[in-house]
>>> print(open('protein_1.cif').read())   # mmCIF, C-alpha atoms
data_protein
loop_
_atom_site.label_atom_id
_atom_site.label_comp_id
_atom_site.auth_asym_id
_atom_site.auth_seq_id
_atom_site.Cartn_x
_atom_site.Cartn_y
_atom_site.Cartn_z
CA MET A 273 90.06 115.93 84.35
CA THR A 274 88.16 116.47 87.58
CA LEU A 275 85.38 114.17 86.39
CA VAL A 276 87.81 111.35 85.60
CA GLY A 277 89.49 111.74 88.99
CA THR A 278 86.15 111.75 90.78
CA ILE A 279 85.03 108.56 89.05
CA VAL A 280 88.31 106.75 89.84
CA THR A 281 88.12 107.88 93.47
CA ALA A 282 84.51 106.70 93.72
CA ILE A 283 85.42 103.21 92.48
CA GLY A 284 88.31 103.05 94.95
CA THR A 285 86.06 104.19 97.80
CA VAL A 286 83.56 101.42 97.08
CA PHE A 287 86.38 98.87 97.11
CA LEU A 288 87.66 100.17 100.45
CA PHE A 289 84.19 99.83 101.98
CA LEU A 290 83.86 96.29 100.58
CA GLY A 291 87.19 95.40 102.18
CA GLY A 292 85.94 96.56 105.56
CA LEU A 293 82.68 94.65 105.07
CA GLY A 294 84.62 91.49 104.18
CA VAL A 295 86.76 91.79 107.30
CA PHE A 296 83.59 92.12 109.36
CA ARG A 297 81.55 89.35 107.74
CA PHE A 298 83.82 86.47 106.71
CA PRO A 299 83.98 83.39 108.96
CA ASP A 300 87.71 82.71 109.22
CA VAL A 301 91.05 84.45 109.71
CA TYR A 302 92.27 83.41 106.26
CA ASN A 303 89.10 84.50 104.47
CA ARG A 304 89.21 87.82 106.29
CA LEU A 305 92.85 88.26 105.37
CA GLN A 306 92.08 87.65 101.71
CA ALA A 307 89.19 90.14 101.64
CA GLY A 308 91.05 92.74 103.67
CA THR A 309 94.18 92.54 101.53
CA LYS A 310 92.89 92.38 97.96
CA CYS A 311 90.09 94.89 98.32
CA THR A 312 92.09 97.46 100.26
CA THR A 313 95.12 97.21 97.96
CA LEU A 314 93.05 97.97 94.86
CA GLY A 315 90.86 100.48 96.69
CA ALA A 316 93.73 102.46 98.17
CA PHE A 317 95.55 102.44 94.82
CA LEU A 318 92.52 103.78 92.95
CA THR A 319 91.65 106.36 95.62
CA ILE A 320 95.16 107.81 95.81
CA ILE A 321 95.62 107.82 92.02
CA GLY A 322 92.23 109.52 91.68
CA VAL A 323 93.30 112.30 94.04
CA GLY A 324 96.48 112.64 91.98
CA ILE A 325 94.41 112.99 88.80
CA MET A 326 92.15 115.60 90.39
CA GLU A 327 95.16 117.66 91.59
CA PRO A 328 97.87 117.23 88.91
CA THR A 329 100.65 118.97 90.88
CA TRP A 330 100.38 116.25 93.54
CA PHE A 331 100.54 113.38 91.09
CA VAL A 332 104.15 112.28 91.66
CA LYS A 333 103.86 111.98 95.42
CA CYS A 334 100.47 110.25 95.12
CA LEU A 335 102.03 107.75 92.71
CA LEU A 336 104.84 107.17 95.23
CA ILE A 337 102.40 106.41 98.07
CA ALA A 338 100.26 104.19 95.83
CA CYS A 339 103.22 102.15 94.60
CA PHE A 340 104.50 101.77 98.15
CA ILE A 341 101.13 100.37 99.27
CA LEU A 342 101.01 98.13 96.19
CA LEU A 343 104.40 96.66 97.10
CA THR A 344 104.18 96.31 100.88
CA ASN A 345 100.55 95.34 101.55
CA PRO A 346 100.85 91.80 100.10
CA ILE A 347 104.09 91.24 102.00
CA SER A 348 102.62 92.19 105.39
CA SER A 349 99.46 90.16 104.82
CA HIS A 350 101.50 87.14 103.75
CA ALA A 351 103.49 87.41 106.96
CA LEU A 352 100.28 87.70 109.00
CA GLY A 353 98.69 84.67 107.33
CA ARG A 354 101.79 82.57 107.80
CA ALA A 355 102.00 83.58 111.45
CA ALA A 356 98.32 82.75 112.00
CA ARG A 357 98.74 79.31 110.40
CA LYS A 358 101.90 78.59 112.39
CA SER A 359 100.32 79.61 115.68
CA GLY A 360 97.50 77.12 115.07
CA VAL A 361 94.46 79.28 114.43
CA PRO A 362 91.62 76.88 113.52
CA LEU A 363 90.36 76.70 109.95
CA TRP A 364 86.73 77.21 109.00
CA GLU A 365 84.77 73.92 108.93
CA GLY A 366 83.95 74.38 105.23
CA THR A 367 87.63 74.35 104.25
CA VAL A 368 88.28 71.86 101.45
CA LEU A 369 92.04 71.46 101.30
CA ASP A 370 94.90 72.21 103.68
CA LYS A 371 98.31 70.74 102.93
CA THR A 372 100.41 72.87 105.27
CA GLY A 373 100.22 70.25 108.04
CA GLU A 374 102.71 68.08 106.16
CA PHE A 375 105.51 70.61 106.40
CA GLU A 376 107.97 71.15 109.19
CA GLY A 377 107.12 73.90 111.66
CA TYR A 378 103.37 73.75 111.11
CA GLN A 379 101.10 72.09 113.63
CA LYS A 380 97.76 70.63 112.66
CA ALA A 381 95.09 73.31 112.57
CA GLY A 382 92.81 73.58 115.55
CA GLU A 383 95.19 72.21 118.16
CA MET B 86 79.92 117.72 97.95
CA SER B 87 80.80 114.29 96.60
CA HIS B 88 83.96 114.26 98.71
CA LEU B 89 81.84 114.23 101.84
CA VAL B 90 80.14 111.05 100.57
CA PHE B 91 83.54 109.46 99.88
CA VAL B 92 84.84 110.27 103.36
CA THR B 93 81.65 108.87 104.92
CA ILE B 94 81.87 105.59 103.00
CA ILE B 95 85.55 105.11 103.90
CA GLY B 96 84.75 105.90 107.54
CA ALA B 97 82.07 103.21 107.52
CA GLY B 98 84.67 100.73 106.27
CA ILE B 99 87.05 101.68 109.09
CA LEU B 100 84.22 101.28 111.62
CA LEU B 101 83.52 97.74 110.37
CA CYS B 102 87.22 96.89 110.79
CA LEU B 103 87.15 98.28 114.33
CA PHE B 104 84.09 96.15 115.19
CA ARG B 105 86.02 93.09 114.05
CA MET B 106 88.96 94.22 116.16
CA LEU B 107 86.72 94.37 119.24
CA LYS B 108 84.99 91.05 118.49
CA GLY B 109 87.70 88.89 116.93
CA PRO B 110 88.14 85.52 118.66
CA SER B 111 91.90 85.19 118.29
CA SER B 112 94.70 87.73 118.31
CA ALA B 113 95.43 87.04 114.63
CA ASP B 114 91.94 88.35 113.83
CA ARG B 115 92.69 91.58 115.64
CA ALA B 116 96.05 91.96 113.87
CA VAL B 117 94.39 91.45 110.47
CA ALA B 118 91.67 93.98 111.32
CA VAL B 119 94.19 96.59 112.46
CA ASP B 120 96.31 96.06 109.34
CA THR B 121 93.27 96.51 107.08
CA ALA B 122 92.09 99.57 108.99
CA ALA B 123 95.55 101.14 108.73
CA THR B 124 95.65 100.70 104.94
CA VAL B 125 92.18 102.24 104.65
CA THR B 126 93.32 105.11 106.88
CA THR B 127 96.24 105.86 104.53
CA ALA B 128 93.82 106.35 101.63
CA LEU B 129 91.54 108.42 103.85
CA LEU B 130 94.45 110.72 104.80
CA VAL B 131 95.23 111.41 101.14
CA LEU B 132 91.56 112.13 100.45
CA LEU B 133 91.33 114.46 103.46
CA GLY B 134 94.42 116.27 102.24
CA PHE B 135 92.61 116.91 98.97
CA VAL B 136 89.44 118.07 100.75
CA PHE B 137 91.26 120.52 103.04
CA LYS B 138 93.86 121.54 100.37
CA ARG B 139 96.78 120.65 102.63
CA TYR B 140 99.87 119.23 100.93
CA VAL B 141 101.35 118.12 104.27
CA TYR B 142 98.79 115.32 104.63
CA LEU B 143 100.55 113.41 101.84
CA ASP B 144 103.73 113.28 103.91
CA VAL B 145 101.72 112.08 106.90
CA ALA B 146 100.15 109.36 104.74
CA LEU B 147 103.54 108.21 103.44
CA VAL B 148 105.05 107.95 106.93
CA TYR B 149 101.91 106.19 108.18
CA ALA B 150 102.15 103.60 105.39
CA VAL B 151 105.80 102.87 106.25
CA LEU B 152 105.10 102.52 109.97
CA THR B 153 102.07 100.29 109.31
CA PHE B 154 104.17 97.91 107.23
CA ILE B 155 106.88 97.65 109.88
CA GLY B 156 104.29 97.18 112.63
CA ALA B 157 102.43 94.43 110.77
CA VAL B 158 105.64 92.50 110.10
CA ALA B 159 106.70 92.85 113.74
CA ILE B 160 103.29 91.62 115.00
CA ALA B 161 103.45 88.65 112.61
CA ARG B 162 106.91 87.79 113.85
CA TYR B 163 105.64 87.95 117.43
CA LEU B 164 102.64 85.70 116.71
CA GLU B 165 104.94 83.14 115.13
CA GLY B 166 106.88 82.97 118.36
CA GLY B 167 110.19 84.21 117.00
CA LEU B 168 110.46 87.53 118.82
#
>>> encode(input="protein_1.cif", output="structure tokens")
Amino acid sequence: MTLVGTIVTAIGTVFLFLGGLGVFRFPDVYNRLQAGTKCTTLGAFLTIIGVGIMEPTWFVKCLLIACFILLTNPISSHALGRAARKSGVPLWEGTVLDKTGEFEGYQKAGE
Amino acid sequence: MSHLVFVTIIGAGILLCLFRMLKGPSSADRAVAVDTAATVTTALLVLLGFVFKRYVYLDVALVYAVLTFIGAVAIARYLEGGL
């Protein structure tokens, strides 16, 4: 049981580090948001569940925290990305497609 | 012994987020970096609670996750210009 928990926690730890690396390295707010959200959601879920497996009396509360992160992290990052796009943060020059300029309330990026 | 390695790797991830928070060109960059660092910190708190055998750290992690969510939504609302 301890071995399984340690392996799950190790995988989650690697994902958390990759999320931090993506936030540091990517060229654009939106790319950084994507790396920082996906990697840390999976990484935090696996780390917390792994601790719950290693210590079975803590499992219910660990599951509660993990499910809370799984539900709220995409919502907050969606709000942050929408706010960044609405406040006119410029896109990376390699961006292929951006259709949000056609909608009401969005200005063209980079202005 | 392996838990020390886990804590070190997660701490390196938080440090990279903090570098981006210091460097980031726009305020949206800093908000994204703080949000990411806060999520990583929640996982680190749970792991530290396991290392030190303290059950209270789970409560701290739960409250920290709730406050992070509310703070991120409030910052996003402010950046949009609606606050």
>>> closest_residue(input="protein_1.cif", among="A:Tyr378, A:Phe289, A:Phe331, A:Trp364", to="chain B", atoms="all atoms listed in the file")
A:Phe289
>>> axis_aligned_box(input="protein_1.cif", around="region 276-279 of chain A", padding_each_side="4 Å", output="lines of an AutoDock Vina configuration file")
center_x = 87.3
center_y = 110.2
center_z = 88.2
size_x = 12.5
size_y = 11.2
size_z = 13.2
>>> resolve_selection(input="protein_1.cif", expression="the PyMOL selection byres ((chain A) within 6 of (chain B))", output="PDB file with C-alpha atoms, keeping the file's coordinate frame")
ATOM      1  CA  PHE A 289      84.190  99.830 101.980  1.00  0.00           C
ATOM      2  CA  GLY A 292      85.940  96.560 105.560  1.00  0.00           C
ATOM      3  CA  PHE A 296      83.590  92.120 109.360  1.00  0.00           C
ATOM      4  CA  VAL A 301      91.050  84.450 109.710  1.00  0.00           C
ATOM      5  CA  GLY A 308      91.050  92.740 103.670  1.00  0.00           C
ATOM      6  CA  ALA A 316      93.730 102.460  98.170  1.00  0.00           C
ATOM      7  CA  ILE A 337     102.400 106.410  98.070  1.00  0.00           C
ATOM      8  CA  SER A 348     102.620  92.190 105.390  1.00  0.00           C
ATOM      9  CA  ALA A 351     103.490  87.410 106.960  1.00  0.00           C
ATOM     10  CA  LEU A 352     100.280  87.700 109.000  1.00  0.00           C
ATOM     11  CA  ALA A 355     102.000  83.580 111.450  1.00  0.00           C
ATOM     12  CA  ALA A 356      98.320  82.750 112.000  1.00  0.00           C
ATOM     13  CA  SER A 359     100.320  79.610 115.680  1.00  0.00           C
TER      14      SER A 359
END
>>> atom_distance(input="protein_1.cif", atom1="CA of Tyr142 (chain B)", atom2="CA of Gly284 (chain A)")
18.8 Å
>>> atom_distance(input="protein_1.cif", atom1="CA of Thr278 (chain A)", atom2="CA of Val323 (chain A)")
7.9 Å
>>> atom_distance(input="protein_1.cif", atom1="CA of Ile320 (chain A)", atom2="CA of Cys334 (chain A)")
5.9 Å
>>> resolve_selection(input="protein_1.cif", expression="the PyMOL selection byres ((chain A and resi 290) around 9)", output="ChimeraX atom specification")
/A:285-289,291-295,307-308,311-312 /B:98
>>> residues_near_point(input="protein_1.cif", point="(84.7, 77.2, 105.0)", cutoff="12 Å", atoms="only C-alpha atoms", output="list in words")
Phe298, Pro299, Asp300, Val301, Tyr302, Asn303, Arg304, Pro362, Leu363, Trp364, Glu365, Gly366, Thr367, Val368, Leu369 and Asp370 of chain A
>>> closest_residue(input="protein_1.cif", among="A:Arg357, A:Thr372, A:Asn345, A:Thr274", to="Pro328 (chain A)", atoms="all atoms listed in the file")
A:Thr274
>>> residues_around(input="protein_1.cif", residues="Gly277 (chain A)", least_positions_apart="6", cutoff="6 Å", atoms="all atoms listed in the file", output="compact mmCIF listing (two decimals) with C-alpha atoms, keeping the file's coordinate frame")
# COMPACT_ATOMS: atom_id res chain seq x y z
CA GLY A 322 92.23 109.52 91.68
CA ILE A 325 94.41 112.99 88.80
CA MET A 326 92.15 115.60 90.39
>>> decode(input="protein_1.cif", residues="region 110-150 of chain B", atoms="N, CA and C atoms", output="short mmCIF file (atom, residue, chain, number, x, y, z; two decimals), in the first residue's frame")
data_model
loop_
_atom_site.label_atom_id
_atom_site.label_comp_id
_atom_site.auth_asym_id
_atom_site.auth_seq_id
_atom_site.Cartn_x
_atom_site.Cartn_y
_atom_site.Cartn_z
N PRO B 110 5.49 40.36 -17.83
CA PRO B 110 5.33 41.69 -18.40
C PRO B 110 4.02 42.37 -18.01
N SER B 111 2.93 41.62 -18.01
CA SER B 111 1.64 42.23 -17.70
C SER B 111 1.14 41.71 -16.36
N SER B 112 0.10 42.35 -15.85
CA SER B 112 -0.42 41.92 -14.54
C SER B 112 -1.17 40.61 -14.65
N ALA B 113 -1.67 40.26 -15.85
CA ALA B 113 -2.32 38.96 -16.02
C ALA B 113 -1.32 37.83 -15.84
N ASP B 114 -0.07 38.05 -16.30
CA ASP B 114 0.98 37.06 -16.08
C ASP B 114 1.20 36.80 -14.60
N ARG B 115 1.26 37.88 -13.85
CA ARG B 115 1.49 37.72 -12.41
C ARG B 115 0.33 37.01 -11.74
N ALA B 116 -0.91 37.32 -12.16
CA ALA B 116 -2.07 36.66 -11.57
C ALA B 116 -2.06 35.16 -11.87
N VAL B 117 -1.70 34.81 -13.12
CA VAL B 117 -1.63 33.40 -13.50
C VAL B 117 -0.56 32.69 -12.68
N ALA B 118 0.61 33.35 -12.52
CA ALA B 118 1.70 32.72 -11.77
C ALA B 118 1.32 32.50 -10.31
N VAL B 119 0.63 33.49 -9.71
CA VAL B 119 0.23 33.35 -8.31
C VAL B 119 -0.81 32.25 -8.15
N ASP B 120 -1.74 32.16 -9.12
CA ASP B 120 -2.76 31.12 -9.06
C ASP B 120 -2.14 29.73 -9.14
N THR B 121 -1.18 29.57 -10.07
CA THR B 121 -0.50 28.28 -10.20
C THR B 121 0.29 27.94 -8.94
N ALA B 122 1.02 28.94 -8.42
CA ALA B 122 1.81 28.69 -7.22
C ALA B 122 0.94 28.32 -6.03
N ALA B 123 -0.26 28.91 -5.95
CA ALA B 123 -1.15 28.60 -4.83
C ALA B 123 -1.68 27.17 -4.92
N THR B 124 -1.99 26.71 -6.15
CA THR B 124 -2.44 25.32 -6.29
C THR B 124 -1.33 24.35 -5.91
N VAL B 125 -0.10 24.67 -6.35
CA VAL B 125 1.03 23.80 -6.01
C VAL B 125 1.24 23.80 -4.49
N THR B 126 1.04 24.97 -3.85
CA THR B 126 1.23 25.06 -2.41
C THR B 126 0.23 24.21 -1.65
N THR B 127 -1.02 24.09 -2.19
CA THR B 127 -2.02 23.24 -1.54
C THR B 127 -1.54 21.79 -1.48
N ALA B 128 -1.03 21.31 -2.63
CA ALA B 128 -0.51 19.93 -2.64
C ALA B 128 0.69 19.78 -1.71
N LEU B 129 1.53 20.82 -1.67
CA LEU B 129 2.71 20.76 -0.80
C LEU B 129 2.31 20.71 0.68
N LEU B 130 1.23 21.42 1.04
CA LEU B 130 0.77 21.40 2.43
C LEU B 130 0.30 20.01 2.83
N VAL B 131 -0.43 19.34 1.93
CA VAL B 131 -0.88 17.98 2.24
C VAL B 131 0.31 17.05 2.41
N LEU B 132 1.30 17.19 1.52
CA LEU B 132 2.49 16.34 1.61
C LEU B 132 3.28 16.62 2.88
N LEU B 133 3.37 17.89 3.28
CA LEU B 133 4.08 18.21 4.52
C LEU B 133 3.34 17.68 5.74
N GLY B 134 1.99 17.69 5.67
CA GLY B 134 1.23 17.09 6.74
C GLY B 134 1.50 15.61 6.89
N PHE B 135 1.73 14.93 5.76
CA PHE B 135 2.09 13.51 5.85
C PHE B 135 3.50 13.33 6.40
N VAL B 136 4.44 14.21 6.01
CA VAL B 136 5.82 14.08 6.47
C VAL B 136 5.91 14.31 7.97
N PHE B 137 5.22 15.33 8.47
CA PHE B 137 5.31 15.67 9.90
C PHE B 137 4.27 14.95 10.74
N LYS B 138 3.40 14.13 10.13
CA LYS B 138 2.32 13.40 10.83
C LYS B 138 1.39 14.35 11.59
N ARG B 139 1.01 15.43 10.94
CA ARG B 139 0.07 16.38 11.55
C ARG B 139 -1.22 16.39 10.73
N TYR B 140 -2.33 16.02 11.39
CA TYR B 140 -3.61 15.96 10.69
C TYR B 140 -4.15 17.35 10.40
N VAL B 141 -3.70 18.35 11.20
CA VAL B 141 -4.25 19.71 11.08
C VAL B 141 -3.91 20.33 9.72
N TYR B 142 -2.78 19.90 9.13
CA TYR B 142 -2.35 20.50 7.87
C TYR B 142 -3.38 20.29 6.76
N LEU B 143 -4.18 19.21 6.86
CA LEU B 143 -5.21 18.99 5.85
C LEU B 143 -6.28 20.07 5.92
N ASP B 144 -6.64 20.48 7.14
CA ASP B 144 -7.60 21.58 7.27
C ASP B 144 -7.04 22.87 6.70
N VAL B 145 -5.75 23.12 6.98
CA VAL B 145 -5.11 24.32 6.44
C VAL B 145 -5.13 24.29 4.92
N ALA B 146 -4.87 23.11 4.33
CA ALA B 146 -4.86 22.99 2.88
C ALA B 146 -6.24 23.24 2.29
N LEU B 147 -7.28 22.72 2.97
CA LEU B 147 -8.65 22.91 2.46
C LEU B 147 -9.03 24.38 2.47
N VAL B 148 -8.75 25.06 3.59
CA VAL B 148 -9.09 26.49 3.68
C VAL B 148 -8.28 27.30 2.67
N TYR B 149 -7.01 26.91 2.46
CA TYR B 149 -6.17 27.62 1.50
C TYR B 149 -6.69 27.46 0.08
N ALA B 150 -7.20 26.25 -0.24
CA ALA B 150 -7.76 26.04 -1.58
C ALA B 150 -8.99 26.91 -1.80
#
